[in-house]
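Colleague: Just query38.txt, nothing more (compact mmCIF, C-alpha atoms):
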# COMPACT_ATOMS: atom_id res chain seq x y z
CA MET A 10 5.55 -14.56 18.84
CA LYS A 11 3.90 -13.25 22.03
CA THR A 12 1.54 -15.44 23.98
CA PRO A 13 -1.95 -13.97 23.99
CA SER A 14 -2.58 -12.16 27.27
CA HIS A 15 -6.33 -12.70 27.19
CA THR A 16 -8.70 -15.52 26.42
CA PRO A 17 -10.73 -16.42 24.24
CA SER A 18 -9.10 -18.44 21.53
CA ILE A 19 -6.95 -16.85 18.85
CA ASP A 20 -6.27 -18.08 15.35
CA ALA A 21 -2.47 -18.28 15.33
CA ASP A 22 -2.31 -18.07 11.54
CA ILE A 23 -4.16 -14.75 11.52
CA VAL A 24 -2.04 -13.41 14.37
CA ASN A 25 1.18 -14.40 12.64
CA ALA A 26 0.06 -13.06 9.27
CA PHE A 27 -0.81 -9.59 10.55
CA ALA A 28 2.00 -9.31 13.11
CA THR A 29 4.64 -10.34 10.57
CA SER A 30 3.13 -8.15 7.90
CA THR A 31 3.05 -5.05 10.14
CA VAL A 32 6.66 -5.39 11.22
CA LYS A 33 7.83 -6.09 7.67
CA VAL A 34 5.91 -3.23 6.06
CA LEU A 35 7.21 -0.71 8.60
CA ARG A 36 10.77 -1.95 8.21
CA MET A 37 10.69 -1.87 4.41
CA MET A 38 8.84 1.39 3.92
CA THR A 39 9.97 3.46 6.93
CA HIS A 40 13.17 1.67 7.97
CA CYS A 41 11.74 1.53 11.50
CA ASP A 42 11.74 -1.57 13.68
CA ALA A 43 8.36 -2.10 15.32
CA GLU A 44 8.05 -4.38 18.32
CA LEU A 45 4.90 -6.37 19.03
CA LEU A 46 4.17 -5.64 22.68
CA ASP A 47 0.93 -7.52 23.07
CA VAL A 48 -1.76 -9.43 21.21
CA SER A 49 -5.07 -10.38 22.77
CA ALA A 50 -8.64 -11.33 21.94
CA ARG A 51 -10.95 -8.79 23.53
CA ARG A 52 -14.59 -7.76 23.51
CA ASP A 53 -14.04 -4.51 25.39
CA PHE A 54 -11.37 -2.80 23.28
CA VAL A 55 -12.05 0.67 21.89
CA PRO A 56 -9.19 2.11 19.82
CA VAL A 57 -8.30 5.65 20.91
CA GLY A 58 -5.96 7.86 18.90
CA ASP A 59 -5.58 10.80 16.56
CA ILE A 60 -5.35 9.14 13.13
CA SER A 61 -6.94 5.83 12.19
CA SER A 62 -7.03 3.96 8.91
CA LEU A 63 -9.65 1.29 8.31
CA MET A 64 -9.96 -1.37 5.66
CA MET A 65 -12.37 -4.23 5.00
CA VAL A 66 -11.50 -7.65 3.62
CA LEU A 67 -14.19 -9.84 2.12
CA ASP A 68 -14.67 -13.31 0.76
CA SER A 69 -17.75 -15.40 0.12
CA THR A 70 -18.11 -16.47 3.73
CA LEU A 71 -16.87 -13.64 5.94
CA GLU A 72 -16.12 -10.00 6.32
CA GLY A 73 -13.16 -8.62 8.21
CA MET A 74 -12.32 -5.15 9.45
CA ILE A 75 -8.79 -3.95 10.21
CA VAL A 76 -8.22 -0.67 12.05
CA LEU A 77 -4.83 0.94 12.66
CA THR A 78 -4.86 3.76 15.22
CA PHE A 79 -1.94 6.13 15.78
CA PRO A 80 -1.08 9.08 17.96
CA GLN A 81 -0.51 12.09 15.70
CA THR A 82 3.15 12.48 16.64
CA LEU A 83 3.91 8.88 15.72
CA ALA A 84 2.07 9.10 12.40
CA ARG A 85 4.11 12.22 11.63
CA LYS A 86 7.39 10.48 12.49
CA LEU A 87 6.59 7.40 10.41
CA ALA A 88 5.42 9.44 7.43
CA SER A 89 8.60 11.49 7.62
CA SER A 90 10.67 8.31 7.77
CA MET A 91 9.16 7.10 4.49
CA LEU A 92 8.77 10.36 2.61
CA GLY A 93 11.21 12.78 4.22
CA ALA A 94 14.06 11.87 1.91
CA HIS A 95 11.92 12.63 -1.13
CA THR A 96 10.08 15.82 -0.26
CA GLN A 97 10.92 18.98 1.66
CA THR A 98 7.60 19.05 3.47
CA VAL A 99 5.47 16.13 4.60
CA SER A 100 2.06 17.76 4.47
CA VAL A 101 -0.99 16.80 6.50
CA GLU A 102 -2.48 15.31 3.33
CA MET A 103 0.61 13.14 2.86
CA ARG A 104 0.54 12.04 6.49
CA LEU A 105 -3.09 10.97 6.31
CA ASP A 106 -2.56 9.28 2.98
CA PHE A 107 0.49 7.51 4.38
CA THR A 108 -1.61 5.86 7.11
CA ALA A 109 -4.04 4.68 4.43
CA GLU A 110 -1.14 3.23 2.47
CA LEU A 111 0.14 1.51 5.60
CA VAL A 112 -3.09 -0.37 6.26
CA ASN A 113 -3.31 -1.14 2.54
CA MET A 114 0.16 -2.68 2.50
CA ILE A 115 -0.23 -4.50 5.82
CA VAL A 116 -3.53 -6.09 4.78
CA GLY A 117 -2.18 -6.87 1.32
CA HIS A 118 0.91 -8.53 2.70
CA ALA A 119 -1.07 -10.46 5.32
CA LYS A 120 -3.47 -11.50 2.58
CA SER A 121 -0.67 -13.43 0.89
CA TYR A 122 -0.50 -15.63 3.98
CA LEU A 123 -4.25 -15.88 4.46
CA ASN A 124 -4.94 -16.73 0.83
CA ASN A 125 -2.92 -19.89 1.30
CA LYS A 126 -5.68 -21.08 3.64
CA SER A 127 -8.57 -20.32 1.37
CA SER A 128 -9.60 -21.31 -2.11
CA ASP A 129 -11.64 -18.10 -2.22
CA PRO A 130 -9.11 -15.24 -2.05
CA TYR A 131 -9.92 -12.23 0.06
CA ARG A 132 -10.81 -8.98 -1.66
CA MET A 133 -9.81 -5.65 -0.15
CA THR A 134 -11.71 -2.38 -0.08
CA LEU A 135 -10.07 1.02 -0.44
CA PRO A 136 -8.85 2.32 2.95
CA ILE A 137 -10.81 4.89 4.97
CA ILE A 138 -9.12 7.53 7.15
CA ILE A 139 -10.56 8.80 10.43
CA THR A 140 -9.02 11.82 12.15
CA GLY A 141 -9.63 13.75 15.36
CA ILE A 142 -7.51 14.19 18.45
CA GLY A 143 -8.38 11.45 20.92
CA HIS A 144 -11.10 9.94 18.76
CA GLU A 145 -12.58 6.56 19.59
CA ILE A 146 -13.70 3.87 17.18
CA HIS A 147 -16.67 1.85 18.35
CA GLY A 148 -18.13 -1.20 16.69
CA ARG A 149 -17.17 -4.66 15.65
CA LEU A 150 -18.45 -6.87 12.89
CA SER A 151 -19.95 -9.36 15.35
CA SER A 152 -20.37 -9.95 19.04
CA ASN A 153 -17.23 -12.04 18.93
CA ALA A 154 -13.93 -10.84 20.31
CA SER A 155 -11.60 -8.66 18.24
CA LEU A 156 -7.93 -9.34 17.90
CA VAL A 157 -6.00 -6.43 19.36
CA PHE A 158 -2.32 -5.90 18.61
CA VAL A 159 -0.18 -3.28 20.31
CA PHE A 160 3.09 -2.31 18.62
CA LYS A 161 5.88 -0.06 19.82
CA VAL A 162 8.02 2.06 17.50
CA HIS A 163 9.93 5.31 18.06
CA GLY A 164 9.13 4.92 21.78
CA GLN A 165 5.36 5.21 21.15
CA THR A 166 2.62 2.66 20.74
CA PHE A 167 -0.07 2.16 18.13
CA SER A 168 -2.84 -0.41 17.92
CA MET A 169 -4.29 -2.68 15.27
CA GLN A 170 -7.76 -4.12 15.81
CA ILE A 171 -9.01 -6.98 13.65
CA SER A 172 -12.55 -8.31 13.76
CA PHE A 173 -14.22 -10.92 11.60
CA THR A 174 -17.85 -11.84 11.23
CA ASN A 175 -17.20 -15.48 12.02
CA TYR A 176 -14.31 -15.16 14.42
CA MET B 26 27.35 5.77 -19.26
CA MET B 27 26.62 7.56 -16.00
CA MET B 28 23.33 6.65 -14.32
CA THR B 29 22.18 10.24 -14.45
CA GLU B 30 22.74 10.39 -18.20
CA GLN B 31 21.28 7.01 -19.08
CA TYR B 32 17.75 8.00 -18.12
CA ALA B 33 18.03 11.75 -18.67
CA LYS B 34 15.39 11.68 -21.40
CA THR B 35 13.24 8.92 -19.95
CA ARG B 36 9.61 9.94 -19.45
CA ILE B 37 7.51 8.21 -16.81
CA LEU B 38 3.84 8.49 -15.87
CA VAL B 39 2.99 7.54 -12.27
CA ALA B 40 -0.69 6.71 -11.77
CA ASP B 41 -1.79 6.33 -8.17
CA ASN B 42 -4.51 8.01 -6.13
CA SER B 43 -2.18 7.92 -3.11
CA ILE B 44 -0.05 11.06 -2.83
CA SER B 45 2.43 9.33 -0.52
CA SER B 46 2.93 6.56 -3.09
CA ARG B 47 3.46 9.09 -5.87
CA VAL B 48 5.98 11.04 -3.77
CA LEU B 49 7.83 7.85 -2.87
CA LEU B 50 7.94 6.48 -6.43
CA ARG B 51 8.98 9.84 -7.87
CA GLY B 52 11.73 10.24 -5.26
CA LEU B 53 13.09 6.74 -5.75
CA MET B 54 13.15 7.07 -9.55
CA MET B 55 15.02 10.37 -9.29
CA GLN B 56 17.42 9.02 -6.68
CA LEU B 57 18.10 5.54 -8.02
CA LEU B 58 17.79 5.98 -11.78
CA GLY B 59 18.52 9.67 -12.18
CA ILE B 60 15.26 10.37 -14.01
CA PRO B 61 14.76 14.16 -14.04
CA ALA B 62 11.85 15.45 -11.95
CA GLU B 63 10.33 17.25 -14.93
CA ASN B 64 10.15 13.97 -16.85
CA ILE B 65 8.01 12.28 -14.19
CA LEU B 66 4.32 13.14 -14.56
CA GLU B 67 1.53 12.09 -12.24
CA ALA B 68 -2.07 10.99 -12.63
CA VAL B 69 -4.53 10.43 -9.80
CA ASP B 70 -7.05 8.22 -11.59
CA GLY B 71 -7.57 6.15 -14.70
CA GLU B 72 -9.19 8.86 -16.79
CA ALA B 73 -6.22 11.14 -16.12
CA VAL B 74 -3.90 8.34 -17.24
CA LEU B 75 -5.68 7.93 -20.56
CA ALA B 76 -5.69 11.68 -21.16
CA ALA B 77 -1.99 12.03 -20.29
CA VAL B 78 -0.96 9.11 -22.52
CA GLN B 79 -2.94 10.50 -25.44
CA THR B 80 -1.61 14.04 -25.01
CA ALA B 81 1.99 12.82 -24.74
CA ALA B 82 1.61 10.78 -27.92
CA GLN B 83 0.05 13.70 -29.80
CA GLU B 84 2.90 15.95 -28.71
CA GLY B 85 5.45 13.44 -29.98
CA ALA B 86 6.83 12.76 -26.52
CA PRO B 87 5.27 9.45 -25.46
CA PHE B 88 5.95 7.97 -22.06
CA ASP B 89 8.62 5.29 -21.83
CA ALA B 90 6.76 3.57 -19.02
CA LEU B 91 3.61 3.78 -16.93
CA LEU B 92 3.68 2.90 -13.22
CA LEU B 93 0.08 1.93 -12.57
CA ASP B 94 -1.76 1.36 -9.30
CA LEU B 95 -4.38 -1.38 -9.38
CA TYR B 96 -7.04 0.03 -7.08
CA MET B 97 -8.03 3.61 -7.90
CA PRO B 98 -11.35 5.40 -7.68
CA ASN B 99 -13.56 5.44 -10.81
CA MET B 100 -11.35 3.22 -12.95
CA SER B 101 -9.20 0.27 -11.86
CA GLY B 102 -5.75 -0.52 -13.18
CA GLN B 103 -7.24 -3.43 -15.15
CA GLN B 104 -9.71 -1.09 -16.80
CA VAL B 105 -6.90 1.29 -17.72
CA LEU B 106 -4.98 -1.59 -19.32
CA ALA B 107 -8.05 -2.61 -21.29
CA ALA B 108 -8.67 0.98 -22.43
CA LEU B 109 -5.05 1.39 -23.56
CA ASN B 110 -5.32 -1.85 -25.54
CA GLU B 111 -8.60 -0.78 -27.14
CA ARG B 112 -7.05 2.51 -28.20
CA GLY B 113 -3.95 0.79 -29.55
CA GLN B 114 -1.73 2.82 -27.22
CA LYS B 115 1.36 0.72 -26.61
CA ILE B 116 3.16 1.63 -23.42
CA PRO B 117 5.21 -0.57 -21.09
CA VAL B 118 3.31 -0.88 -17.81
CA LEU B 119 4.70 -1.72 -14.39
CA ILE B 120 1.83 -2.45 -12.02
CA VAL B 121 2.58 -1.25 -8.47
CA THR B 122 0.14 -2.80 -6.03
CA SER B 123 -0.45 -4.26 -2.58
CA GLU B 124 -2.34 -7.14 -4.20
CA PRO B 125 -0.15 -10.21 -3.65
CA GLY B 126 -2.06 -12.88 -5.61
CA GLU B 127 -0.05 -14.54 -8.36
CA ALA B 128 -3.25 -15.43 -10.22
CA THR B 129 -4.08 -11.73 -10.41
CA HIS B 130 -0.54 -10.94 -11.55
CA GLN B 131 -0.84 -13.47 -14.38
CA GLN B 132 -4.14 -11.94 -15.45
CA LEU B 133 -2.51 -8.51 -15.49
CA ARG B 134 0.39 -9.75 -17.62
CA GLY B 135 -2.12 -11.37 -19.93
CA ALA B 136 -3.94 -8.05 -20.16
CA GLY B 137 -0.79 -6.25 -21.25
CA ALA B 138 1.14 -5.37 -18.10
CA THR B 139 4.88 -5.82 -18.50
CA ASP B 140 5.56 -6.67 -14.86
CA VAL B 141 4.17 -6.35 -11.34
CA LEU B 142 5.83 -4.79 -8.28
CA VAL B 143 4.20 -5.73 -4.98
CA LYS B 144 4.17 -3.27 -2.08
CA PRO B 145 5.95 -3.12 0.30
CA PHE B 146 9.13 -3.09 -1.78
CA GLU B 147 12.78 -2.17 -1.47
CA GLY B 148 13.97 0.68 -3.68
CA GLY B 149 16.43 -1.69 -5.31
CA LEU B 150 13.63 -3.91 -6.55
CA LEU B 151 11.81 -0.95 -8.10
CA LYS B 152 15.06 0.00 -9.88
CA LEU B 153 15.57 -3.55 -11.12
CA LYS B 154 12.05 -3.97 -12.45
CA LEU B 155 11.82 -0.51 -14.00
CA GLU B 156 15.18 -0.92 -15.73
CA ALA B 157 13.94 -4.21 -17.18
CA VAL B 158 10.69 -2.58 -18.31
CA LEU B 159 12.58 0.29 -19.95
CA ALA B 160 15.11 -2.07 -21.56
CA GLY B 161 12.24 -4.03 -23.10
CA ALA B 162 10.77 -0.85 -24.46
CA SER B 163 13.92 0.41 -26.12
Here is the file; what I need is its structure written in the form of structure tokens.
Modeller:
Amino acid sequence: MKTPSHTPSIDADIVNAFATSTVKVLRMMTHCDAELLDVSARRDFVPVGDISSLMMVLDSTLEGMIVLTFPQTLARKLASSMLGAHTQTVSVEMRLDFTAELVNMIVGHAKSYLNNKSSDPYRMTLPIIITGIGHEIHGRLSSNASLVFVFKVHGQTFSMQISFTNY
Amino acid sequence: MMMTEQYAKTRILVADNSISSRVLLRGLMMQLLGIPAENILEAVDGEAVLAAVQTAAQEGAPFDALLLDLYMPNMSGQQVLAALNERGQKIPVLIVTSEPGEATHQQLRGAGATDVLVKPFEGGLLKLKLEAVLAGAS
């Protein structure tokens, strides 16, 4: 696992859960090997991309927000990797839905690790998709730092931002 | 028996609001079990599931299995299971979900689900679980 490149402190269990989950989900569903380039705790990060998928996790004591942000060309490649063998055309609707499914699976898989730490299992909301070339996503759930992961796959990078109310 | 013949008359209903999940499940069932495309129907929410199950039964061509997502708009997978039970509509159900909690899985089995497949999954595991579901139904 990468050493965080920024202070402040990082919960290693959360980092490991989401990093492992992301790599595993992409490998199983798209047969692509993603590489974790960097993970850091930052207060100044603004995701910029073309397609983002957002999901909330909740328990009795905290709320968490997970945002995946992709360049359009990478989202298209990954969607084609998963669906291309089963359909002649990967439509825009399928591509957007695919990114929602990705965050759903990544959070669900990470949840299996995180639930081991809590007697109050996390609940997940339905994913939300945000589109727009070069869009930015502003806002965190608290003034605390967000965890920012940068992955590389197919020679391109995508980001995952995680913020918690009490992190 | 050849794989393509074994499930040539098998009828499956895939219930998921995610189009990419439906495309993936449909493709894998066609590829790995040889289920004909025309025998795989799709529903995008719980109400559509209940309507499709009822129609299929009335037409004398009930589904051999239902692949059911847990989190859908309007009606959850649990609510669909409860509604099927209330209506006395017996159909083997394979839950396909990102929800990893074993406690939830036990509740689902208690509510009538035959088995649970957790996403992400390998195609081979879908084949294994669906074959077991279909074998139990026959």
Colleague: I'd like the neighbourhood of range 78-92 of chain B as number ranges by chain, where a residue qualifies if any of its atoms comes within 10 Å (using only C-alpha atoms), though same-chain residues fewer than 4 positions away should be ignored.
Modeller: B: 34-41, 47, 50, 64-68, 73-74, 109, 112, 114-122, 138-142, 155, 158-160, 162-163
Colleague: Produce a file of the selected residues containing C-alpha atoms, as an mmCIF file, keeping the file's coordinate frame.
Modeller:
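In the end it all went to selection.cif:
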data_model
loop_
_atom_site.group_PDB
_atom_site.id
_atom_site.type_symbol
_atom_site.label_atom_id
_atom_site.label_comp_id
_atom_site.auth_asym_id
_atom_site.auth_seq_id
_atom_site.Cartn_x
_atom_site.Cartn_y
_atom_site.Cartn_z
ATOM 1 C CA LYS B 34 15.390 11.680 -21.400
ATOM 2 C CA THR B 35 13.240 8.920 -19.950
ATOM 3 C CA ARG B 36 9.610 9.940 -19.450
ATOM 4 C CA ILE B 37 7.510 8.210 -16.810
ATOM 5 C CA LEU B 38 3.840 8.490 -15.870
ATOM 6 C CA VAL B 39 2.990 7.540 -12.270
ATOM 7 C CA ALA B 40 -0.690 6.710 -11.770
ATOM 8 C CA ASP B 41 -1.790 6.330 -8.170
ATOM 9 C CA ARG B 47 3.460 9.090 -5.870
ATOM 10 C CA LEU B 50 7.940 6.480 -6.430
ATOM 11 C CA ASN B 64 10.150 13.970 -16.850
ATOM 12 C CA ILE B 65 8.010 12.280 -14.190
ATOM 13 C CA LEU B 66 4.320 13.140 -14.560
ATOM 14 C CA GLU B 67 1.530 12.090 -12.240
ATOM 15 C CA ALA B 68 -2.070 10.990 -12.630
ATOM 16 C CA ALA B 73 -6.220 11.140 -16.120
ATOM 17 C CA VAL B 74 -3.900 8.340 -17.240
ATOM 18 C CA LEU B 109 -5.050 1.390 -23.560
ATOM 19 C CA ARG B 112 -7.050 2.510 -28.200
ATOM 20 C CA GLN B 114 -1.730 2.820 -27.220
ATOM 21 C CA LYS B 115 1.360 0.720 -26.610
ATOM 22 C CA ILE B 116 3.160 1.630 -23.420
ATOM 23 C CA PRO B 117 5.210 -0.570 -21.090
ATOM 24 C CA VAL B 118 3.310 -0.880 -17.810
ATOM 25 C CA LEU B 119 4.700 -1.720 -14.390
ATOM 26 C CA ILE B 120 1.830 -2.450 -12.020
ATOM 27 C CA VAL B 121 2.580 -1.250 -8.470
ATOM 28 C CA THR B 122 0.140 -2.800 -6.030
ATOM 29 C CA ALA B 138 1.140 -5.370 -18.100
ATOM 30 C CA THR B 139 4.880 -5.820 -18.500
ATOM 31 C CA ASP B 140 5.560 -6.670 -14.860
ATOM 32 C CA VAL B 141 4.170 -6.350 -11.340
ATOM 33 C CA LEU B 142 5.830 -4.790 -8.280
ATOM 34 C CA LEU B 155 11.820 -0.510 -14.000
ATOM 35 C CA VAL B 158 10.690 -2.580 -18.310
ATOM 36 C CA LEU B 159 12.580 0.290 -19.950
ATOM 37 C CA ALA B 160 15.110 -2.070 -21.560
ATOM 38 C CA ALA B 162 10.770 -0.850 -24.460
ATOM 39 C CA SER B 163 13.920 0.410 -26.120
#
Colleague: Using all atoms listed in the file and a cut-off of 12 Å, which residues of chain A sit close to chain B? Please list them as a VMD selection string.
Modeller: chain A and resid 30 to 40 87 to 125 128 to 136
Colleague: Could you tell me how far CA of Val76 in chain A sits from CA of Ile137 in chain A, in Å to one decimal place?
Modeller: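 For CA of Ile137 in chain A relative to CA of Val76 in chain A, the distance reads 9.4 Å.
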Colleague: Mind pulling up the distance from CA of Met65 in chain A to CA of Val162 in chain A?
Modeller: 24.7 Å
Colleague: Could you check how far CA of Val55 in chain A sits from CA of Val24 in chain A, in Å to one decimal?
Modeller: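 Calculated distance between CA of Val55 in chain A and CA of Val24 in chain A is 18.8 Å.
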Colleague: With distances taken over all atoms listed in the file, which of A:Asp47, A:Asp42, A:Asp53, A:Asp22 is nearest to Asn153 in chain A?
Modeller: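 Of A:Asp47, A:Asp42, A:Asp53, A:Asp22, the one nearest Asn153 in chain A is A:Asp53, counting all atoms listed in the file.
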Colleague: Nearest residue to Ser152 in chain A out of A:Pro80, A:Thr140, A:Gly73, A:Phe173, using all atoms listed in the file?
Modeller: A:Phe173
Colleague: Skipping near chain neighbours, those fewer than 3 positions away, what residues fall within 6 Å of Val157 in chain A using all atoms listed in the file, listed as a list in words?
Modeller: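 In the requested form, the answer reads Val48, Ser49, Met169 and Gln170 of chain A.
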Colleague: Would you list the contacts of Gly137 in chain B as a list in words, taking every protein, DNA or RNA residue within 8 Å and counting all atoms listed in the file, but skipping same-chain residues closer than 2 positions in sequence?
Modeller: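 Once the nearby chain positions are removed, what remains is Leu106, Asn110, Val118, Leu133, Arg134, Gly135 and Thr139 of chain B.
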